[in-house]
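Trainee: If you scroll down you'll find the structure; I have some questions about it.
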Amino acid sequence: MSGQIPLPLVPGQLSISAINSYLGAPSSSERKLSTEESSAPNWSLAQIFNSEYNSTNIPLVGSSNLPRFQMSDLSGKTFGIYNSPARTILYGSTWETGAIPTWIGYLGFGTSGMFNPINQGFPVKVIVDILQGDSRVLDLQILTNDEVSYTNIPLNSSGSTSFTQNVAAIRLTGNTLAESIINLSVYPSLDGINSGTGRHFITITLPGELDFPPIDDDPKQPPNDVPGDDTLLP
């Protein structure tokens, strides 16, 4: 199963209704292509995909941030999970963390300010499935409209954990001796109900506790040291 699902690369396959479906809104929803600004949930496509940092403001067409804006410019645009706050590189469909059992993913449409660095009010559906591990020793946290304060989300002890919130970033932490494997799916859900055809699916592996060398309960005596005698041998 692929990780991210981008908008069609062929410009002729794009339409306002298809993009609405990608975003998780009814195909008949009001959606302007142009740089005209609107309010949630009827943002224009320029606002969703090209907003200035930390806002839904649109750069001037012709500027370096928005050289032009037409339907074909949206080809290949992707909603997904990025591996840094800069939101320039998407995760693939699998990820295995290093020695520290913590994973962080940043949601968004690339560098658009709609999610960067906080969520401007765009609902996201999140589904978490634990394939291996124990929900009691796994922590799921999200960032919404605050850059630093994570909110805890309780994980179901059996079955999937599913919720829809204005998520900007997701953090998973394992606190167990055993390895944990988690399936994570995120969908844009602009109307707060529908799951968009845009989706990112990733399988995350968190390692168990680090293996440290055993502690020697009977350390070796230093050379030439006679137990019980402080006099060194010649």
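Each chain in the structure tokens gets a letter, A, B and so on, in the order shown; residues start at 1 in every chain, and ligands are counted from 1 in the order they appear.
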Give me the residues within 12 Å of A:Ile89 as a PyMOL selection string, counting only C-alpha atoms and dropping any in the same chain fewer than 2 places off.

Mentor: chain A and resi 4+78-87+91-92+105-111

Trainee: Write out as a ChimeraX atom specification all residues of chain A that DSSP puts in strand (DSSP E or B) for this structure's backbone.

Mentor: /A:4,6,63,66,78,80-82,90,94-96,102-108,124-132,138-143,151-153,161-165,169-174,180-188,200-206

Trainee: For A:Phe163, find every residue with an atom within 7 Å (counting only C-alpha atoms), except residues of its own chain fewer than 6 positions away, and show them as a list in words.

Mentor: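 Using only C-alpha atoms, the neighbours found are Lys125, Val126 and Ile127 of chain A.
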
Trainee: I need the helix (DSSP H, G or I) residues of stretch 57-228 of chain A per DSSP on the backbone, written as a PyMOL selection string.

Mentor: chain A and resi 71-74+135-137

Trainee: Might you pull out every residue within 6 Å of stretch 6-14 of chain A, with only C-alpha atoms counted and same-chain residues fewer than 6 positions away left off, and present them as a list in words?

Mentor: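 Result of the neighbour search: Ser72, Ser75, Gly76, Lys77 and Thr78 of chain A.
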
Trainee: Looking at A:Asn183, A:Ser17, A:Ile100, A:Ser34, which one is nearest to A:Leu60, with distances taken over only C-alpha atoms?

Mentor: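 Ranked by minimum distance to A:Leu60, first place goes to A:Ser34.
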
Trainee: What does the structure give for the distance between atom CA of A:Thr205 and atom CA of A:Asp146, in Å to one decimal?

Mentor: 26.8 Å

Trainee: Grab the atom CA of A:Gly3 to atom CA of A:Thr197 distance for me, in Å with one decimal place.

Mentor: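 Calculated distance between atom CA of A:Gly3 and atom CA of A:Thr197 is 12.6 Å.
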
Trainee: Set the distance at 7 Å and use only C-alpha atoms: which residues neighbour stretch 101-103 of chain A once local chain neighbours fewer than 3 positions away are removed? I'd like the list as a CSV table (one decimal) with C-alpha atoms, in the first residue's frame.

Mentor:
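Wrote it out as around-v3.csv, contents follow:
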chain,number,residue,atom,x,y,z
A,97,THR,CA,12.8,5.0,14.5
A,171,ARG,CA,3.7,12.3,18.2
A,172,LEU,CA,3.9,8.6,19.2
A,173,THR,CA,6.1,7.4,22.0
A,174,GLY,CA,6.7,3.9,23.2
A,206,LEU,CA,9.2,1.9,17.7
A,207,PRO,CA,12.1,0.0,19.2

Trainee: Rounded to one decimal, what separation in Å do you get between atom CA of A:Gly24 and atom CA of A:Gly192?

Mentor: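 These atoms are spaced 7.8 Å apart.
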
Trainee: Need the shell around A:Ser158: protein/DNA/RNA residues with any atom at most 10 Å away, counting only C-alpha atoms. Skip same-chain ones fewer than 4 positions apart. Format as a compact mmCIF listing (two decimals) with C-alpha atoms, in the first residue's frame?

Mentor:
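Final file, out.txt:
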# COMPACT_ATOMS: atom_id res chain seq x y z
CA ASP A 129 -4.13 0.74 14.69
CA ILE A 130 -1.69 -1.01 17.04
CA ASP A 134 0.33 -2.44 24.33
CA SER A 135 -1.88 0.67 24.26

Trainee: Show me, as a list in words, the residues that have an atom within 9 Å of stretch 49-57 of chain A when counting only C-alpha atoms, minus same-chain residues fewer than 2 positions from it.

Mentor: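 Residues near the query, excluding close chain neighbours: Glu37, Ser38, Ser39, Trp43, Ser44, Leu45, Ala46, Gln47, Pro59, Asn65, Leu66, Leu74, Lys77, Gly108, Phe109, Gly110, Thr111, Ser112, Gly113, Met114, Phe115, Asn116, Pro117, Ile118, Asn119 and Gln120 of chain A.
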
Trainee: Would you put the residues from that selection into a file with C-alpha atoms, as a JSON list (two decimals), in the first residue's frame?

Mentor:
[["chain", "number", "residue", "atom", "x", "y", "z"],
["A", 37, "GLU", "CA", -9.75, 34.95, 0.14],
["A", 38, "SER", "CA", -12.64, 33.38, 2.01],
["A", 39, "SER", "CA", -13.29, 31.91, 5.44],
["A", 43, "TRP", "CA", -11.31, 28.70, 1.66],
["A", 44, "SER", "CA", -10.14, 29.16, -1.90],
["A", 45, "LEU", "CA", -7.67, 26.64, -3.28],
["A", 46, "ALA", "CA", -4.96, 29.30, -3.24],
["A", 47, "GLN", "CA", -5.47, 29.69, 0.50],
["A", 59, "PRO", "CA", 0.81, 35.94, -1.38],
["A", 65, "ASN", "CA", 5.95, 32.59, -3.10],
["A", 66, "LEU", "CA", 3.23, 32.49, -5.75],
["A", 74, "LEU", "CA", -2.11, 21.98, -8.30],
["A", 77, "LYS", "CA", 0.10, 18.66, -4.70],
["A", 108, "GLY", "CA", 0.07, 19.75, 5.82],
["A", 109, "PHE", "CA", 0.04, 20.69, 2.17],
["A", 110, "GLY", "CA", 3.76, 21.28, 1.88],
["A", 111, "THR", "CA", 4.87, 24.65, 3.20],
["A", 112, "SER", "CA", 1.41, 26.23, 2.98],
["A", 113, "GLY", "CA", 0.52, 28.19, 6.11],
["A", 114, "MET", "CA", -2.77, 26.29, 6.39],
["A", 115, "PHE", "CA", -0.95, 23.82, 8.68],
["A", 116, "ASN", "CA", 2.38, 25.52, 9.15],
["A", 117, "PRO", "CA", 3.25, 25.74, 12.01],
["A", 118, "ILE", "CA", -0.25, 25.42, 13.49],
["A", 119, "ASN", "CA", -3.57, 24.26, 12.08],
["A", 120, "GLN", "CA", -5.67, 27.18, 10.89]]

Trainee: For a quick check of understanding, using only C-alpha atoms, which of A:Ser185, A:Thr35, A:Ser63, A:Ser180 has the smallest distance to A:Thr161?

Mentor: A:Ser185

Trainee: With only C-alpha atoms as the atoms that count, which of A:Leu33, A:Ala25, A:Ile182, A:Val61 lies nearest to A:Thr203?

Mentor: A:Ile182
